[in-house]
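Structure first, then comments.
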Amino acid sequence: MTELNNQPIYVLLVGLVLSLILGKIIIPMLRSLHAGQSIREDGPQTHLVKAGTPTIGGLIFLGSLILGTLITQNFDYRVFILFVGTFGFAAVGFFDDYLKVINKRNLGFTAKQKIVVQILIAIVLYALMAFSNTITPELIIPGTGRVVNIGLWYSPFIIFVVVGVVNSVNLTDGLDGLSTSVTIVVLLFFAVVSMARSETAIAKFSILLVGGLLGFLVYNKYPAKVFMGDTGSLALGGAVVTIAMLLNLPLLLPLCCGIYFMEALSVIIQVAVFKRTGKRVFLMSPLHHHFEQKGMREVQVVLLFVAVEILLVLISAWLIF
């Protein structure tokens, strides 16, 4: 059984099957609780028909991750850190989703409240990694083989990266299946890197989460029967950035997680330029909405972004290997 637990296909199937089963249980529960999505009034008008679609669906693949970890017996201190990073941010997202559902509007935590809590979680995450010596202030420069030691700057750097990535993934969750599909590609890349470095525990965690997301995608693809909500998107951000830290790949994140960064950058540029000039660079931000406004259908935008992400992780793999 131990040998089977280390087989990538078996781990993937465990996550997939659990997610499919949990989806059948959790989605009706969310409907009965009237946990419907509220749509931004300033968002695309075509999205108004999605109002009322069950949200907080991230519970599906998060539940799959917990049960799958027990079944595959993936017990390791690195996995504990990964759970802190994933479920710490999932908790923030859950309370945010809860407030939105209760208030029946697309407003949960204030921006300041959310950032403060996220910074606190990032500090705890950094402390766990630093005190266990699972990370060092020596950063690998992708494609060069060189290592740079940033000393005391490492802790604020890590906290900034963690909060930045988590919110970038959150911004990507705006179309049916988009964040789910992109994250599957990112996690597969991390799984390959982990296996190449004999980081079995991290590889199993990544593959198990891929399986959970594949199962969730069955319900989340267009037209979505359920949304992951901030519960899911913040959890995925936490998982992705924690894996990157444990593999000492934070400097590669802008490339291997390029879609997340493009989405975040589009929002930053849009806000900065509009405040200064009163004009918009994009028809609408985040970036996926710009393509929608240009006339592309949701499915086309998702396929385009996934194709770009695949290209980016292939380039990242070339730089590493």
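Residue numbers start at 1 in each chain; chains themselves are named A, B, ... in the order of the structure tokens; ligands are numbered from 1 in the order shown.
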
Next item on the list: Write out as a PyMOL selection string which residues come within 7 Å of Gly68 in chain A when counting only C-alpha atoms, dropping same-chain ones fewer than 6 positions away.
Entry: chain A and resi 14-15+208

Margin query: Env of range 303-311 of chain A: 9 Å cut, atoms = only C-alpha atoms, seq-sep filter 4 positions within chain, self excluded. Answer as a ChimeraX atom specification.
Written below: /A:178,181-182,185-186,255-259,288,298-299,315-316

Would you export the selected residues with all heavy atoms as a tab-separated table (two decimals), in the first residue's frame, please?
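So part-v5.tsv came out as:
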```
chain	number	residue	atom	x	y	z
A	178	LEU	N	-11.52	29.36	-15.23
A	178	LEU	CA	-10.24	30.00	-15.55
A	178	LEU	C	-9.18	29.73	-14.48
A	178	LEU	O	-8.11	29.17	-14.78
A	178	LEU	CB	-10.42	31.51	-15.73
A	178	LEU	CG	-9.14	32.32	-15.98
A	178	LEU	CD1	-8.42	31.81	-17.22
A	178	LEU	CD2	-9.46	33.81	-16.11
A	181	SER	N	-8.31	25.96	-14.18
A	181	SER	CA	-7.51	25.41	-15.27
A	181	SER	C	-6.06	25.89	-15.22
A	181	SER	O	-5.13	25.11	-15.38
A	181	SER	CB	-8.13	25.79	-16.62
A	181	SER	OG	-9.46	25.35	-16.71
A	182	VAL	N	-5.88	27.18	-15.00
A	182	VAL	CA	-4.54	27.75	-14.95
A	182	VAL	C	-3.75	27.15	-13.79
A	182	VAL	O	-2.57	26.80	-13.92
A	182	VAL	CB	-4.60	29.29	-14.82
A	182	VAL	CG1	-3.22	29.87	-14.48
A	182	VAL	CG2	-5.12	29.91	-16.11
A	185	VAL	N	-2.29	23.67	-14.41
A	185	VAL	CA	-1.04	23.73	-15.18
A	185	VAL	C	0.13	24.08	-14.27
A	185	VAL	O	1.20	23.46	-14.31
A	185	VAL	CB	-1.15	24.75	-16.33
A	185	VAL	CG1	0.18	24.88	-17.07
A	185	VAL	CG2	-2.26	24.35	-17.30
A	186	VAL	N	-0.06	25.09	-13.42
A	186	VAL	CA	1.00	25.53	-12.50
A	186	VAL	C	1.39	24.41	-11.55
A	186	VAL	O	2.58	24.13	-11.33
A	186	VAL	CB	0.53	26.76	-11.69
A	186	VAL	CG1	1.55	27.11	-10.60
A	186	VAL	CG2	0.34	27.96	-12.62
A	255	LEU	N	7.27	34.21	-13.99
A	255	LEU	CA	7.24	33.49	-15.26
A	255	LEU	C	6.34	32.27	-15.19
A	255	LEU	O	5.39	32.14	-15.97
A	255	LEU	CB	8.66	33.07	-15.67
A	255	LEU	CG	8.77	32.29	-17.00
A	255	LEU	CD1	8.28	33.15	-18.16
A	255	LEU	CD2	10.20	31.84	-17.23
A	256	CYS	N	6.60	31.37	-14.23
A	256	CYS	CA	5.83	30.12	-14.18
A	256	CYS	C	4.38	30.35	-13.76
A	256	CYS	O	3.51	29.52	-14.02
A	256	CYS	CB	6.51	29.10	-13.27
A	256	CYS	SG	6.51	29.49	-11.51
A	257	CYS	N	4.12	31.46	-13.10
A	257	CYS	CA	2.74	31.84	-12.73
A	257	CYS	C	2.36	33.12	-13.48
A	257	CYS	O	1.68	34.00	-12.93
A	257	CYS	CB	2.62	32.05	-11.23
A	257	CYS	SG	2.92	30.57	-10.25
A	258	GLY	N	2.79	33.20	-14.72
A	258	GLY	CA	2.66	34.43	-15.50
A	258	GLY	C	1.26	34.95	-15.67
A	258	GLY	O	1.03	36.17	-15.64
A	259	ILE	N	0.28	34.05	-15.83
A	259	ILE	CA	-1.11	34.50	-16.00
A	259	ILE	C	-1.60	35.24	-14.77
A	259	ILE	O	-2.24	36.30	-14.87
A	259	ILE	CB	-2.03	33.31	-16.32
A	259	ILE	CG1	-1.78	32.79	-17.73
A	259	ILE	CG2	-3.51	33.71	-16.16
A	259	ILE	CD1	-2.11	33.78	-18.84
A	288	HIS	N	-8.75	39.35	-18.14
A	288	HIS	CA	-9.70	38.45	-18.82
A	288	HIS	C	-10.96	39.19	-19.24
A	288	HIS	O	-11.56	38.86	-20.27
A	288	HIS	CB	-10.03	37.23	-17.95
A	288	HIS	CG	-10.52	37.55	-16.58
A	288	HIS	ND1	-9.71	37.49	-15.47
A	288	HIS	CD2	-11.75	37.93	-16.12
A	288	HIS	CE1	-10.42	37.80	-14.39
A	288	HIS	NE2	-11.64	38.08	-14.76
A	298	GLU	N	-16.28	33.44	-23.17
A	298	GLU	CA	-15.58	32.98	-21.95
A	298	GLU	C	-14.68	31.79	-22.22
A	298	GLU	O	-13.52	31.75	-21.80
A	298	GLU	CB	-16.59	32.62	-20.86
A	298	GLU	CG	-17.06	33.79	-20.03
A	298	GLU	CD	-17.72	33.35	-18.73
A	298	GLU	OE1	-17.09	32.59	-17.98
A	298	GLU	OE2	-18.86	33.78	-18.47
A	299	VAL	N	-15.23	30.80	-22.91
A	299	VAL	CA	-14.46	29.58	-23.18
A	299	VAL	C	-13.21	29.89	-23.98
A	299	VAL	O	-12.13	29.33	-23.73
A	299	VAL	CB	-15.33	28.54	-23.92
A	299	VAL	CG1	-14.49	27.32	-24.31
A	299	VAL	CG2	-16.50	28.11	-23.05
A	315	ILE	N	8.70	27.11	-20.65
A	315	ILE	CA	9.91	27.96	-20.62
A	315	ILE	C	10.57	27.88	-19.24
A	315	ILE	O	11.79	27.80	-19.12
A	315	ILE	CB	9.55	29.43	-20.96
A	315	ILE	CG1	9.03	29.53	-22.40
A	315	ILE	CG2	10.76	30.34	-20.76
A	315	ILE	CD1	8.46	30.89	-22.74
A	316	SER	N	9.74	27.88	-18.21
A	316	SER	CA	10.26	27.79	-16.83
A	316	SER	C	10.99	26.47	-16.62
A	316	SER	O	12.06	26.43	-16.01
A	316	SER	CB	9.08	27.89	-15.83
A	316	SER	OG	8.40	29.12	-15.98
```

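In this comparison, which uses only C-alpha atoms, the residue of A:Glu292, A:Glu263, A:Glu138, A:Asp230 approaching Gly93 in chain A most closely is A:Asp230.
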
Note to self: At a cut-off of 10 Å, using only C-alpha atoms, what residues contact Thr55 in chain A? Leave out same-chain residues fewer than 6 positions from it and give the result as a PyMOL selection string.
What the structure shows: chain A and resi 27+30-31+34-38+97-98+101+225-232

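With only C-alpha atoms as the atoms that count, the minimum distance from Arg197 in chain A to the choices A:Leu22, A:Leu247, A:Ala51, A:Ile158 is reached by A:Leu247.
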
Item checked: DSSP-assigned strand (DSSP E or B) among range 18-213 of chain A, expressed as JSON, numbers by chain -> {"A": [36, 54, 138, 139, 140, 147, 148, 149]}
